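Shown below: my_file-v1.pdb, with PDB, C-alpha atoms.
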ATOM      1  CA  MET A   1      27.302  22.091  -9.493
ATOM      2  CA  LYS A   2      24.827  20.398 -11.761
ATOM      3  CA  ILE A   3      25.682  16.948 -13.068
ATOM      4  CA  LYS A   4      23.627  15.343 -15.808
ATOM      5  CA  VAL A   5      23.098  11.628 -16.074
ATOM      6  CA  ILE A   6      21.436   9.481 -18.696
ATOM      7  CA  VAL A   7      20.355   5.937 -17.884
ATOM      8  CA  THR A   8      19.493   3.643 -20.763
ATOM      9  CA  LEU A   9      18.657  -0.009 -21.189
ATOM     10  CA  LYS A  10      21.590  -2.152 -22.235
ATOM     11  CA  ASN A  11      21.734  -3.371 -25.807
ATOM     12  CA  GLY A  12      19.741  -6.528 -26.221
ATOM     13  CA  VAL A  13      17.414  -5.834 -23.291
ATOM     14  CA  LEU A  14      13.796  -5.752 -24.402
ATOM     15  CA  ASP A  15      12.283  -2.248 -24.312
ATOM     16  CA  PRO A  16       8.539  -2.679 -24.870
ATOM     17  CA  GLN A  17       7.812   1.035 -24.349
ATOM     18  CA  GLY A  18      10.424   2.022 -26.932
ATOM     19  CA  LYS A  19       8.878  -0.500 -29.320
ATOM     20  CA  ALA A  20       5.387   0.964 -28.788
ATOM     21  CA  ILE A  21       6.730   4.492 -29.386
ATOM     22  CA  GLN A  22       8.468   3.350 -32.569
ATOM     23  CA  GLN A  23       5.286   1.728 -33.873
ATOM     24  CA  THR A  24       3.281   4.858 -33.065
ATOM     25  CA  LEU A  25       5.810   7.033 -34.880
ATOM     26  CA  ASN A  26       5.620   4.694 -37.877
ATOM     27  CA  GLY A  27       1.846   5.040 -37.796
ATOM     28  CA  MET A  28       2.192   8.854 -37.764
ATOM     29  CA  THR A  29       3.975   8.679 -41.146
ATOM     30  CA  PHE A  30       7.476   8.773 -39.611
ATOM     31  CA  ASP A  31       7.956   5.476 -41.345
ATOM     32  CA  ASN A  32      11.735   5.698 -41.536
ATOM     33  CA  VAL A  33      12.046   5.209 -37.740
ATOM     34  CA  SER A  34      13.452   1.726 -37.262
ATOM     35  CA  GLU A  35      14.084   1.699 -33.520
ATOM     36  CA  VAL A  36      13.360   3.737 -30.372
ATOM     37  CA  ARG A  37      15.014   3.064 -27.019
ATOM     38  CA  GLN A  38      13.604   4.915 -24.040
ATOM     39  CA  GLY A  39      15.770   6.041 -21.124
ATOM     40  CA  LYS A  40      15.887   8.303 -18.067
ATOM     41  CA  TYR A  41      17.566  11.647 -17.587
ATOM     42  CA  PHE A  42      18.646  13.115 -14.225
ATOM     43  CA  ASP A  43      19.780  16.632 -13.291
ATOM     44  CA  ILE A  44      21.659  16.318 -10.015
ATOM     45  CA  GLU A  45      22.633  19.403  -8.061
ATOM     46  CA  VAL A  46      25.656  18.538  -5.911
ATOM     47  CA  ASN A  47      27.027  21.011  -3.381
ATOM     48  CA  GLU A  48      30.606  20.515  -4.474
ATOM     49  CA  SER A  49      32.887  22.862  -6.424
ATOM     50  CA  ASP A  50      35.410  20.258  -7.604
ATOM     51  CA  GLU A  51      33.953  18.792 -10.795
ATOM     52  CA  ASN A  52      35.902  15.548 -10.608
ATOM     53  CA  LYS A  53      34.782  14.951  -7.048
ATOM     54  CA  ALA A  54      31.175  15.672  -7.922
ATOM     55  CA  LYS A  55      31.297  13.341 -10.902
ATOM     56  CA  SER A  56      32.848  10.516  -8.955
ATOM     57  CA  GLN A  57      30.114  10.923  -6.320
ATOM     58  CA  VAL A  58      27.459  10.794  -9.016
ATOM     59  CA  GLU A  59      29.093   7.677 -10.403
ATOM     60  CA  GLU A  60      28.613   6.039  -6.992
ATOM     61  CA  MET A  61      24.969   7.144  -7.048
ATOM     62  CA  CYS A  62      24.513   5.579 -10.472
ATOM     63  CA  LYS A  63      25.956   2.266  -9.357
ATOM     64  CA  LYS A  64      24.054   2.165  -6.083
ATOM     65  CA  LEU A  65      20.664   3.576  -7.009
ATOM     66  CA  LEU A  66      20.061   5.441 -10.261
ATOM     67  CA  ALA A  67      20.771   2.497 -12.559
ATOM     68  CA  ASN A  68      20.214  -1.208 -12.125
ATOM     69  CA  LEU A  69      23.295  -2.640 -13.761
ATOM     70  CA  VAL A  70      21.542  -5.922 -14.566
ATOM     71  CA  ILE A  71      19.696  -4.195 -17.402
ATOM     72  CA  GLU A  72      20.843  -0.572 -17.523
ATOM     73  CA  ASP A  73      23.913   1.471 -18.449
ATOM     74  CA  TYR A  74      24.563   5.009 -17.240
ATOM     75  CA  LYS A  75      26.397   7.901 -18.812
ATOM     76  CA  ILE A  76      27.545  10.993 -16.896
ATOM     77  CA  LEU A  77      27.459  13.926 -19.301
TER      78      LEU A  77
ATOM     79  CA  MET B   1       6.112 -19.385  14.999
ATOM     80  CA  LYS B   2       6.683 -15.675  14.658
ATOM     81  CA  SER B   3       6.521 -13.639  11.511
ATOM     82  CA  SER B   4       6.963  -9.978  10.607
ATOM     83  CA  VAL B   5       5.420  -8.187   7.651
ATOM     84  CA  ILE B   6       7.227  -5.009   6.604
ATOM     85  CA  ILE B   7       4.994  -2.101   5.562
ATOM     86  CA  PHE B   8       6.354   0.473   3.118
ATOM     87  CA  PRO B   9       4.459   3.570   2.050
ATOM     88  CA  GLY B  10       2.403   2.185  -0.832
ATOM     89  CA  SER B  11       2.317  -1.448   0.304
ATOM     90  CA  ASN B  12      -1.223  -2.744  -0.177
ATOM     91  CA  CYS B  13      -1.083  -6.491   0.382
ATOM     92  CA  ASP B  14       0.309  -6.202   3.899
ATOM     93  CA  ARG B  15      -3.002  -6.745   5.684
ATOM     94  CA  ASP B  16      -4.010  -9.676   3.454
ATOM     95  CA  MET B  17      -0.674 -11.240   4.319
ATOM     96  CA  ASP B  18      -1.266 -10.570   8.028
ATOM     97  CA  VAL B  19      -4.671 -12.310   7.831
ATOM     98  CA  ALA B  20      -3.193 -15.269   5.957
ATOM     99  CA  LEU B  21      -0.251 -15.736   8.330
ATOM    100  CA  LYS B  22      -2.491 -15.571  11.408
ATOM    101  CA  LYS B  23      -5.048 -17.947   9.886
ATOM    102  CA  PHE B  24      -2.390 -20.638   9.636
ATOM    103  CA  GLY B  25      -0.943 -20.102  13.082
ATOM    104  CA  PHE B  26       1.766 -17.471  12.836
ATOM    105  CA  GLU B  27       2.049 -14.812  15.510
ATOM    106  CA  ASN B  28       2.481 -11.917  13.146
ATOM    107  CA  GLU B  29       3.683  -8.377  13.733
ATOM    108  CA  MET B  30       3.537  -5.458  11.344
ATOM    109  CA  VAL B  31       6.794  -3.504  11.081
ATOM    110  CA  TRP B  32       7.067   0.025   9.697
ATOM    111  CA  HIS B  33       9.747   0.680   7.072
ATOM    112  CA  ASN B  34      11.277   3.497   9.083
ATOM    113  CA  ASP B  35      12.027   1.272  12.071
ATOM    114  CA  ALA B  36      15.562   0.022  12.380
ATOM    115  CA  GLU B  37      14.845  -3.221  14.212
ATOM    116  CA  ILE B  38      12.695  -6.200  13.350
ATOM    117  CA  PRO B  39      11.157  -8.135  16.258
ATOM    118  CA  LYS B  40      12.511 -11.655  16.703
ATOM    119  CA  SER B  41      11.007 -13.608  13.788
ATOM    120  CA  ASP B  42      11.127 -16.977  12.096
ATOM    121  CA  LEU B  43       9.917 -15.437   8.859
ATOM    122  CA  ILE B  44      10.031 -11.947   7.358
ATOM    123  CA  VAL B  45       7.599 -11.055   4.585
ATOM    124  CA  LEU B  46       7.921  -8.192   2.119
ATOM    125  CA  PRO B  47       4.354  -7.751   0.862
ATOM    126  CA  GLY B  48       2.932  -6.707  -2.487
ATOM    127  CA  GLY B  49       1.929  -3.208  -3.462
ATOM    128  CA  PHE B  50       3.589  -0.138  -4.914
ATOM    129  CA  SER B  51       6.254   0.802  -2.375
ATOM    130  CA  TYR B  52       7.252   4.460  -2.759
ATOM    131  CA  GLY B  53       4.932   4.744  -5.735
ATOM    132  CA  ASP B  54       7.205   2.509  -7.835
ATOM    133  CA  TYR B  55       9.392   5.602  -8.341
ATOM    134  CA  LEU B  56      12.657   5.170 -10.261
ATOM    135  CA  ARG B  57      12.244   1.382 -10.609
ATOM    136  CA  CYS B  58       9.836  -0.904  -8.762
ATOM    137  CA  GLY B  59      11.315  -1.764  -5.387
ATOM    138  CA  SER B  60      14.426   0.377  -5.803
ATOM    139  CA  ILE B  61      13.605   2.961  -3.123
ATOM    140  CA  ALA B  62      12.334   0.345  -0.660
ATOM    141  CA  GLY B  63      15.586  -1.491  -1.313
ATOM    142  CA  LYS B  64      17.413   1.429   0.332
ATOM    143  CA  SER B  65      14.966   2.060   3.189
ATOM    144  CA  LYS B  66      15.987   2.087   6.837
ATOM    145  CA  ILE B  67      14.545  -1.334   7.702
ATOM    146  CA  ILE B  68      16.229  -3.102   4.790
ATOM    147  CA  LYS B  69      19.593  -3.483   6.497
ATOM    148  CA  SER B  70      17.948  -5.627   9.179
ATOM    149  CA  VAL B  71      16.175  -7.676   6.498
ATOM    150  CA  ILE B  72      19.488  -8.259   4.682
ATOM    151  CA  ASP B  73      21.272  -9.223   7.918
ATOM    152  CA  PHE B  74      18.438 -11.620   8.809
ATOM    153  CA  ALA B  75      18.527 -13.163   5.309
ATOM    154  CA  ASN B  76      22.306 -13.490   5.318
ATOM    155  CA  SER B  77      22.175 -15.285   8.654
ATOM    156  CA  GLY B  78      19.887 -17.911   7.100
ATOM    157  CA  GLY B  79      16.511 -16.453   8.142
ATOM    158  CA  LEU B  80      13.482 -17.062   5.956
ATOM    159  CA  VAL B  81      12.571 -14.042   3.839
ATOM    160  CA  LEU B  82       9.561 -14.176   1.525
ATOM    161  CA  GLY B  83       8.859 -11.432  -1.018
ATOM    162  CA  ILE B  84       5.560 -11.443  -2.866
ATOM    163  CA  CYS B  85       5.090  -9.328  -6.007
ATOM    164  CA  ASN B  86       6.506  -5.911  -5.057
ATOM    165  CA  GLY B  87       8.346  -7.789  -2.298
ATOM    166  CA  PHE B  88      10.027  -9.887  -5.021
ATOM    167  CA  GLN B  89      10.971  -6.692  -6.858
ATOM    168  CA  ILE B  90      12.468  -5.301  -3.639
ATOM    169  CA  LEU B  91      14.493  -8.490  -3.083
ATOM    170  CA  THR B  92      16.045  -8.215  -6.563
ATOM    171  CA  GLU B  93      16.801  -4.526  -6.018
ATOM    172  CA  THR B  94      18.632  -5.266  -2.754
ATOM    173  CA  GLY B  95      20.684  -7.927  -4.534
ATOM    174  CA  LEU B  96      19.399 -10.699  -2.238
ATOM    175  CA  LEU B  97      17.961 -12.361  -5.342
ATOM    176  CA  PRO B  98      19.538 -12.262  -8.815
ATOM    177  CA  GLY B  99      17.963 -10.583 -11.863
ATOM    178  CA  ILE B 100      15.237  -7.986 -12.138
ATOM    179  CA  LEU B 101      11.499  -7.720 -12.840
ATOM    180  CA  GLN B 102      10.926  -5.642 -15.950
ATOM    181  CA  GLN B 103       7.744  -4.239 -17.387
ATOM    182  CA  ASN B 104       5.418  -6.895 -18.806
ATOM    183  CA  LYS B 105       6.223  -7.709 -22.410
ATOM    184  CA  TYR B 106       2.864  -6.542 -23.782
ATOM    185  CA  LEU B 107       2.748  -3.395 -21.587
ATOM    186  CA  ASN B 108      -0.462  -4.375 -19.836
ATOM    187  CA  PHE B 109      -1.231  -4.680 -16.152
ATOM    188  CA  ILE B 110      -2.152  -8.331 -15.639
ATOM    189  CA  CYS B 111      -4.675  -9.272 -12.975
ATOM    190  CA  LYS B 112      -5.864 -12.885 -13.158
ATOM    191  CA  ASN B 113      -5.550 -16.394 -11.800
ATOM    192  CA  VAL B 114      -2.697 -18.436 -13.200
ATOM    193  CA  PHE B 115      -1.263 -21.895 -12.692
ATOM    194  CA  VAL B 116       2.284 -22.300 -11.492
ATOM    195  CA  LYS B 117       4.429 -25.399 -11.423
ATOM    196  CA  ILE B 118       6.580 -26.088  -8.379
ATOM    197  CA  LYS B 119      10.089 -26.721  -9.714
ATOM    198  CA  ASN B 120      11.951 -27.461  -6.504
ATOM    199  CA  LYS B 121      10.546 -28.938  -3.283
ATOM    200  CA  ASP B 122      13.864 -29.346  -1.515
ATOM    201  CA  ASN B 123      13.269 -26.249   0.611
ATOM    202  CA  LYS B 124      11.065 -25.008   3.440
ATOM    203  CA  TYR B 125       8.647 -23.154   1.168
ATOM    204  CA  PHE B 126       7.301 -26.109  -0.834
ATOM    205  CA  LYS B 127       8.616 -29.231   0.942
ATOM    206  CA  LYS B 128       5.363 -30.803   2.095
ATOM    207  CA  ILE B 129       2.998 -29.510  -0.577
ATOM    208  CA  LYS B 130       1.570 -32.624  -2.235
ATOM    209  CA  LYS B 131       0.426 -30.894  -5.433
ATOM    210  CA  GLU B 132       2.802 -30.114  -8.277
ATOM    211  CA  ILE B 133       0.680 -27.350  -9.771
ATOM    212  CA  LEU B 134      -0.952 -24.518  -7.832
ATOM    213  CA  GLU B 135      -3.600 -22.043  -8.912
ATOM    214  CA  LEU B 136      -2.625 -18.609  -7.624
ATOM    215  CA  HIS B 137      -3.411 -14.982  -8.426
ATOM    216  CA  ILE B 138      -1.146 -12.458 -10.135
ATOM    217  CA  ALA B 139      -1.611  -8.681 -10.333
ATOM    218  CA  HIS B 140       1.350  -6.767 -11.686
ATOM    219  CA  ASN B 141       2.749  -4.491 -14.349
ATOM    220  CA  GLU B 142       6.395  -5.462 -13.828
ATOM    221  CA  GLY B 143       6.681  -9.224 -13.581
ATOM    222  CA  ASN B 144       8.790  -9.939 -16.613
ATOM    223  CA  TYR B 145      11.748 -11.714 -15.013
ATOM    224  CA  PHE B 146      15.096 -11.053 -16.649
ATOM    225  CA  CYS B 147      18.718 -11.869 -15.895
ATOM    226  CA  SER B 148      21.927 -12.346 -17.863
ATOM    227  CA  LYS B 149      22.621 -15.648 -19.637
ATOM    228  CA  ASP B 150      25.356 -16.534 -17.152
ATOM    229  CA  GLU B 151      23.085 -15.735 -14.233
ATOM    230  CA  LEU B 152      20.296 -17.847 -15.739
ATOM    231  CA  LYS B 153      22.630 -20.804 -16.137
ATOM    232  CA  SER B 154      23.736 -20.404 -12.553
ATOM    233  CA  ILE B 155      20.190 -20.234 -11.143
ATOM    234  CA  GLU B 156      19.166 -23.256 -13.222
ATOM    235  CA  ASP B 157      22.231 -25.243 -12.148
ATOM    236  CA  ASN B 158      21.599 -24.425  -8.489
ATOM    237  CA  GLY B 159      17.914 -25.342  -8.570
ATOM    238  CA  GLN B 160      16.958 -21.757  -7.790
ATOM    239  CA  ILE B 161      13.867 -21.661 -10.004
ATOM    240  CA  ALA B 162      10.989 -22.017  -7.544
ATOM    241  CA  VAL B 163       7.849 -21.773  -9.674
ATOM    242  CA  THR B 164       7.073 -21.274 -13.366
ATOM    243  CA  TYR B 165       3.897 -20.151 -15.128
ATOM    244  CA  CYS B 166       2.076 -23.067 -16.748
ATOM    245  CA  ASP B 167      -1.356 -24.360 -17.725
ATOM    246  CA  HIS B 168      -3.491 -26.642 -15.561
ATOM    247  CA  LYS B 169      -1.544 -29.631 -16.853
ATOM    248  CA  GLY B 170       1.820 -28.133 -15.979
ATOM    249  CA  ASN B 171       3.041 -27.119 -19.452
ATOM    250  CA  ASP B 172       5.358 -24.228 -18.662
ATOM    251  CA  ASP B 173       5.926 -23.160 -22.256
ATOM    252  CA  GLU B 174       5.789 -19.818 -24.069
ATOM    253  CA  LYS B 175       2.018 -20.203 -24.646
ATOM    254  CA  ASN B 176       1.474 -20.064 -20.903
ATOM    255  CA  ASN B 177       3.784 -17.151 -20.225
ATOM    256  CA  PRO B 178       1.683 -14.138 -19.188
ATOM    257  CA  ASN B 179       4.371 -11.460 -18.997
ATOM    258  CA  GLY B 180       7.416 -12.456 -21.035
ATOM    259  CA  ALA B 181       9.432 -13.759 -18.069
ATOM    260  CA  LEU B 182      12.577 -15.714 -18.969
ATOM    261  CA  LYS B 183      11.851 -19.448 -18.860
ATOM    262  CA  ASN B 184       8.338 -18.648 -17.526
ATOM    263  CA  ILE B 185       9.922 -17.836 -14.163
ATOM    264  CA  ALA B 186       7.313 -16.789 -11.602
ATOM    265  CA  GLY B 187       9.522 -17.154  -8.538
ATOM    266  CA  ILE B 188      13.128 -17.828  -7.576
ATOM    267  CA  PHE B 189      15.221 -18.673  -4.527
ATOM    268  CA  ASN B 190      18.657 -17.546  -3.471
ATOM    269  CA  LYS B 191      21.356 -20.241  -3.514
ATOM    270  CA  ASP B 192      20.609 -21.373   0.043
ATOM    271  CA  LYS B 193      16.815 -21.454  -0.575
ATOM    272  CA  ASN B 194      16.026 -19.402   2.536
ATOM    273  CA  ILE B 195      14.918 -16.438   0.425
ATOM    274  CA  LEU B 196      11.973 -16.755  -1.958
ATOM    275  CA  GLY B 197      10.630 -14.076  -4.254
ATOM    276  CA  MET B 198       7.564 -14.726  -6.369
ATOM    277  CA  MET B 199       5.045 -12.712  -8.336
ATOM    278  CA  PRO B 200       1.914 -14.807  -7.528
ATOM    279  CA  HIS B 201      -0.003 -13.995  -4.340
ATOM    280  CA  PRO B 202      -0.654 -17.061  -2.148
ATOM    281  CA  GLU B 203      -2.320 -14.792   0.454
ATOM    282  CA  ARG B 204      -5.173 -14.183  -2.000
ATOM    283  CA  MET B 205      -6.032 -17.877  -2.253
ATOM    284  CA  ILE B 206      -6.825 -18.939   1.274
ATOM    285  CA  ASP B 207     -10.613 -18.930   1.286
ATOM    286  CA  PRO B 208     -12.772 -21.603  -0.357
ATOM    287  CA  PHE B 209     -15.681 -19.175  -0.749
ATOM    288  CA  LEU B 210     -13.812 -16.161  -2.120
ATOM    289  CA  SER B 211     -11.044 -17.581  -4.219
ATOM    290  CA  GLY B 212      -9.594 -21.019  -3.952
ATOM    291  CA  GLU B 213      -7.347 -22.677  -1.472
ATOM    292  CA  ASP B 214      -4.044 -23.371  -3.160
ATOM    293  CA  GLY B 215      -2.579 -20.468  -1.160
ATOM    294  CA  SER B 216      -3.621 -22.343   1.995
ATOM    295  CA  LEU B 217      -1.366 -25.230   0.962
ATOM    296  CA  PHE B 218       1.526 -22.793   0.797
ATOM    297  CA  PHE B 219       0.966 -21.388   4.298
ATOM    298  CA  GLU B 220       0.133 -24.780   5.850
ATOM    299  CA  ASN B 221       3.428 -26.112   4.546
ATOM    300  CA  LEU B 222       5.308 -23.052   5.757
ATOM    301  CA  ILE B 223       4.136 -23.313   9.357
ATOM    302  CA  GLU B 224       4.791 -27.080   9.369
ATOM    303  CA  SER B 225       8.256 -26.757   7.852
ATOM    304  CA  LEU B 226       9.529 -24.065  10.180
TER     305      LEU B 226
END

Structure rendered as structure tokens:
Amino acid sequence: MKIKVIVTLKNGVLDPQGKAIQQTLNGMTFDNVSEVRQGKYFDIEVNESDENKAKSQVEEMCKKLLANLVIEDYKIL
Amino acid sequence: MKSSVIIFPGSNCDRDMDVALKKFGFENEMVWHNDAEIPKSDLIVLPGGFSYGDYLRCGSIAGKSKIIKSVIDFANSGGLVLGICNGFQILTETGLLPGILQQNKYLNFICKNVFVKIKNKDNKYFKKIKKEILELHIAHNEGNYFCSKDELKSIEDNGQIAVTYCDHKGNDDEKNNPNGALKNIAGIFNKDKNILGMMPHPERMIDPFLSGEDGSLFFENLIESL
């Protein structure tokens, strides 16, 4: 079963890459872009048929490795 | 005094550290990340570099490597653990030190000499160093120290800030902040001050002909204090 995860920086945490992307977009005439926040996306293939079990395992993975909860939030899709 | 330097795939300051430790009298051993045991040591060093290619987040994969459990046990039993640069990033990823090192504020890799101010000498790492300001080298892309407001208050209250970026006179203000680090933090301790993580590289400043010798003061103090 494939579980999808998105990891993003928490609100208020500086995202210099997102800022640089936003400024580049503004320079490319997309001048209505006021903010870009960059994140990470994971496709995780888990050998498990029970969706709830798989998702709770992935949640553990997020807490222990995929996200650093000091600055990041995760969302299991 | 015995020390161990842990080598991860992608470490690149391990041999400089080995040379520095031996120069000041440590009997040093190199330990591979895939070993489970660390030889009996008075000091464990996590060196600089790009462990595991900086994949996911700097230090995150090394923070789960086989050897790390022994490092954590050693640290929790009061042993001295020093993390330089990537080693500092690894220490935050294991949770031995609070906070995280984010990408530098202006997105550039910084490689230059800087001055740092020693903020707390009541510990084995800086106790007998007579200077207040050291000139050391930094080389990193992720040295922008960050932690939550509560965490920052707690590390300030506990005297856990070890060194801050400053100018040659010791002004550790925003003007002298190379990477955007909170409060100019260049290095921090854990609560008990047996663990130190810092971005500057003392092992690169131990030769009067090549660099400067403020790193020598750091190692001389360390061997005397242990």

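Atom pair CA of Ser3 in chain B / CA of Leu226 in chain B has a distance of 10.9 Å (rounded to one decimal).
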
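Checking A:Gln17, A:Thr29, A:Ser49, A:Ser34 one by one against chain B, counting all atoms listed in the file, you find the shortest gap at A:Gln17.
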
Residues of chain A that approach chain B to 10 Å or less, counting all atoms listed in the file: could you list each one with the shortest pair of atoms and its distance in Å to one decimal, rows by chain and increasing residue number, as JSON lines?
{"residue": "A:Val13", "atom": "CA", "partner": "B:Phe146", "partner_atom": "CA", "distance": 8.8}
{"residue": "A:Leu14", "atom": "CA", "partner": "B:Lys105", "partner_atom": "CA", "distance": 8.1}
{"residue": "A:Asp15", "atom": "CA", "partner": "B:Lys105", "partner_atom": "CA", "distance": 8.4}
{"residue": "A:Pro16", "atom": "CA", "partner": "B:Lys105", "partner_atom": "CA", "distance": 6.1}
{"residue": "A:Gln17", "atom": "CA", "partner": "B:Leu107", "partner_atom": "CA", "distance": 7.3}
{"residue": "A:Ala20", "atom": "CA", "partner": "B:Leu107", "partner_atom": "CA", "distance": 8.8}
{"residue": "A:Lys40", "atom": "CA", "partner": "B:Leu56", "partner_atom": "CA", "distance": 9.0}
{"residue": "A:Lys64", "atom": "CA", "partner": "B:Lys64", "partner_atom": "CA", "distance": 9.3}
{"residue": "A:Leu65", "atom": "CA", "partner": "B:Ser60", "partner_atom": "CA", "distance": 7.1}
{"residue": "A:Leu66", "atom": "CA", "partner": "B:Leu56", "partner_atom": "CA", "distance": 7.4}
{"residue": "A:Ala67", "atom": "CA", "partner": "B:Arg57", "partner_atom": "CA", "distance": 8.8}
{"residue": "A:Asn68", "atom": "CA", "partner": "B:Glu93", "partner_atom": "CA", "distance": 7.7}
{"residue": "A:Leu69", "atom": "CA", "partner": "B:Gly99", "partner_atom": "CA", "distance": 9.8}
{"residue": "A:Val70", "atom": "CA", "partner": "B:Gly99", "partner_atom": "CA", "distance": 6.5}
{"residue": "A:Ile71", "atom": "CA", "partner": "B:Ile100", "partner_atom": "CA", "distance": 7.9}

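The gap separating CA of Asn113 in chain B from CA of Asn171 in chain B is 15.7 Å, in Å to one decimal.
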
What would the selection look like, as a compact mmCIF listing (two decimals) with C-alpha atoms, in the frame of the given file, if the PyMOL selection byres ((chain B and resi 142) around 12) were run on the coordinates I just shared?
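Once everything was written out, this is part.txt:
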# COMPACT_ATOMS: atom_id res chain seq x y z
CA PRO A 16 8.54 -2.68 -24.87
CA GLY B 48 2.93 -6.71 -2.49
CA GLY B 49 1.93 -3.21 -3.46
CA PHE B 50 3.59 -0.14 -4.91
CA ASP B 54 7.20 2.51 -7.84
CA ARG B 57 12.24 1.38 -10.61
CA CYS B 58 9.84 -0.90 -8.76
CA GLY B 59 11.32 -1.76 -5.39
CA CYS B 85 5.09 -9.33 -6.01
CA ASN B 86 6.51 -5.91 -5.06
CA GLY B 87 8.35 -7.79 -2.30
CA PHE B 88 10.03 -9.89 -5.02
CA GLN B 89 10.97 -6.69 -6.86
CA ILE B 90 12.47 -5.30 -3.64
CA ILE B 100 15.24 -7.99 -12.14
CA LEU B 101 11.50 -7.72 -12.84
CA GLN B 102 10.93 -5.64 -15.95
CA GLN B 103 7.74 -4.24 -17.39
CA ASN B 104 5.42 -6.90 -18.81
CA LYS B 105 6.22 -7.71 -22.41
CA TYR B 106 2.86 -6.54 -23.78
CA LEU B 107 2.75 -3.40 -21.59
CA ASN B 108 -0.46 -4.38 -19.84
CA PHE B 109 -1.23 -4.68 -16.15
CA ILE B 110 -2.15 -8.33 -15.64
CA CYS B 111 -4.68 -9.27 -12.98
CA ILE B 138 -1.15 -12.46 -10.14
CA ALA B 139 -1.61 -8.68 -10.33
CA HIS B 140 1.35 -6.77 -11.69
CA ASN B 141 2.75 -4.49 -14.35
CA GLY B 143 6.68 -9.22 -13.58
CA ASN B 144 8.79 -9.94 -16.61
CA TYR B 145 11.75 -11.71 -15.01
CA PHE B 146 15.10 -11.05 -16.65
CA PRO B 178 1.68 -14.14 -19.19
CA ASN B 179 4.37 -11.46 -19.00
CA GLY B 180 7.42 -12.46 -21.04
CA ALA B 181 9.43 -13.76 -18.07
CA ALA B 186 7.31 -16.79 -11.60
CA MET B 198 7.56 -14.73 -6.37
CA MET B 199 5.04 -12.71 -8.34

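Between Lys127 in chain B and the residues B:His201, B:Lys40, B:His33, B:Lys193, the shortest atom-to-atom distance, using only C-alpha atoms, involves B:Lys193.
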
Starting from the displayed file, determine the output of the PyMOL selection byres ((chain B and resi 27) around 8) and express the residue list as a PyMOL selection string. chain B and resi 1-3+21-22+25-26+28-29

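If you look at CA of Lys119 in chain B and CA of Gly95 in chain B, they are 22.2 Å away from each other.
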
Closest of B:Val19, B:Lys153, B:Asp42, B:Glu220 to Ser4 in chain B - atom-to-atom distances counting all atoms listed in the file: B:Asp42

Resolved residues for the PyMOL selection byres ((chain A and resi 2-6) around 6) as a list of chain:residue names: A:Met1, A:Val7, A:Lys40, A:Tyr41, A:Phe42, A:Asp43, A:Ile44, A:Glu45, A:Tyr74, A:Lys75, A:Ile76, A:Leu77

Counting only C-alpha atoms, which residues have an atom no more than 12 Å from (-1.0, -26.5, 4.9) in the file's coordinates? Please list them as a ChimeraX atom specification. /B:20-21,23-25,125-131,202,206,213-225
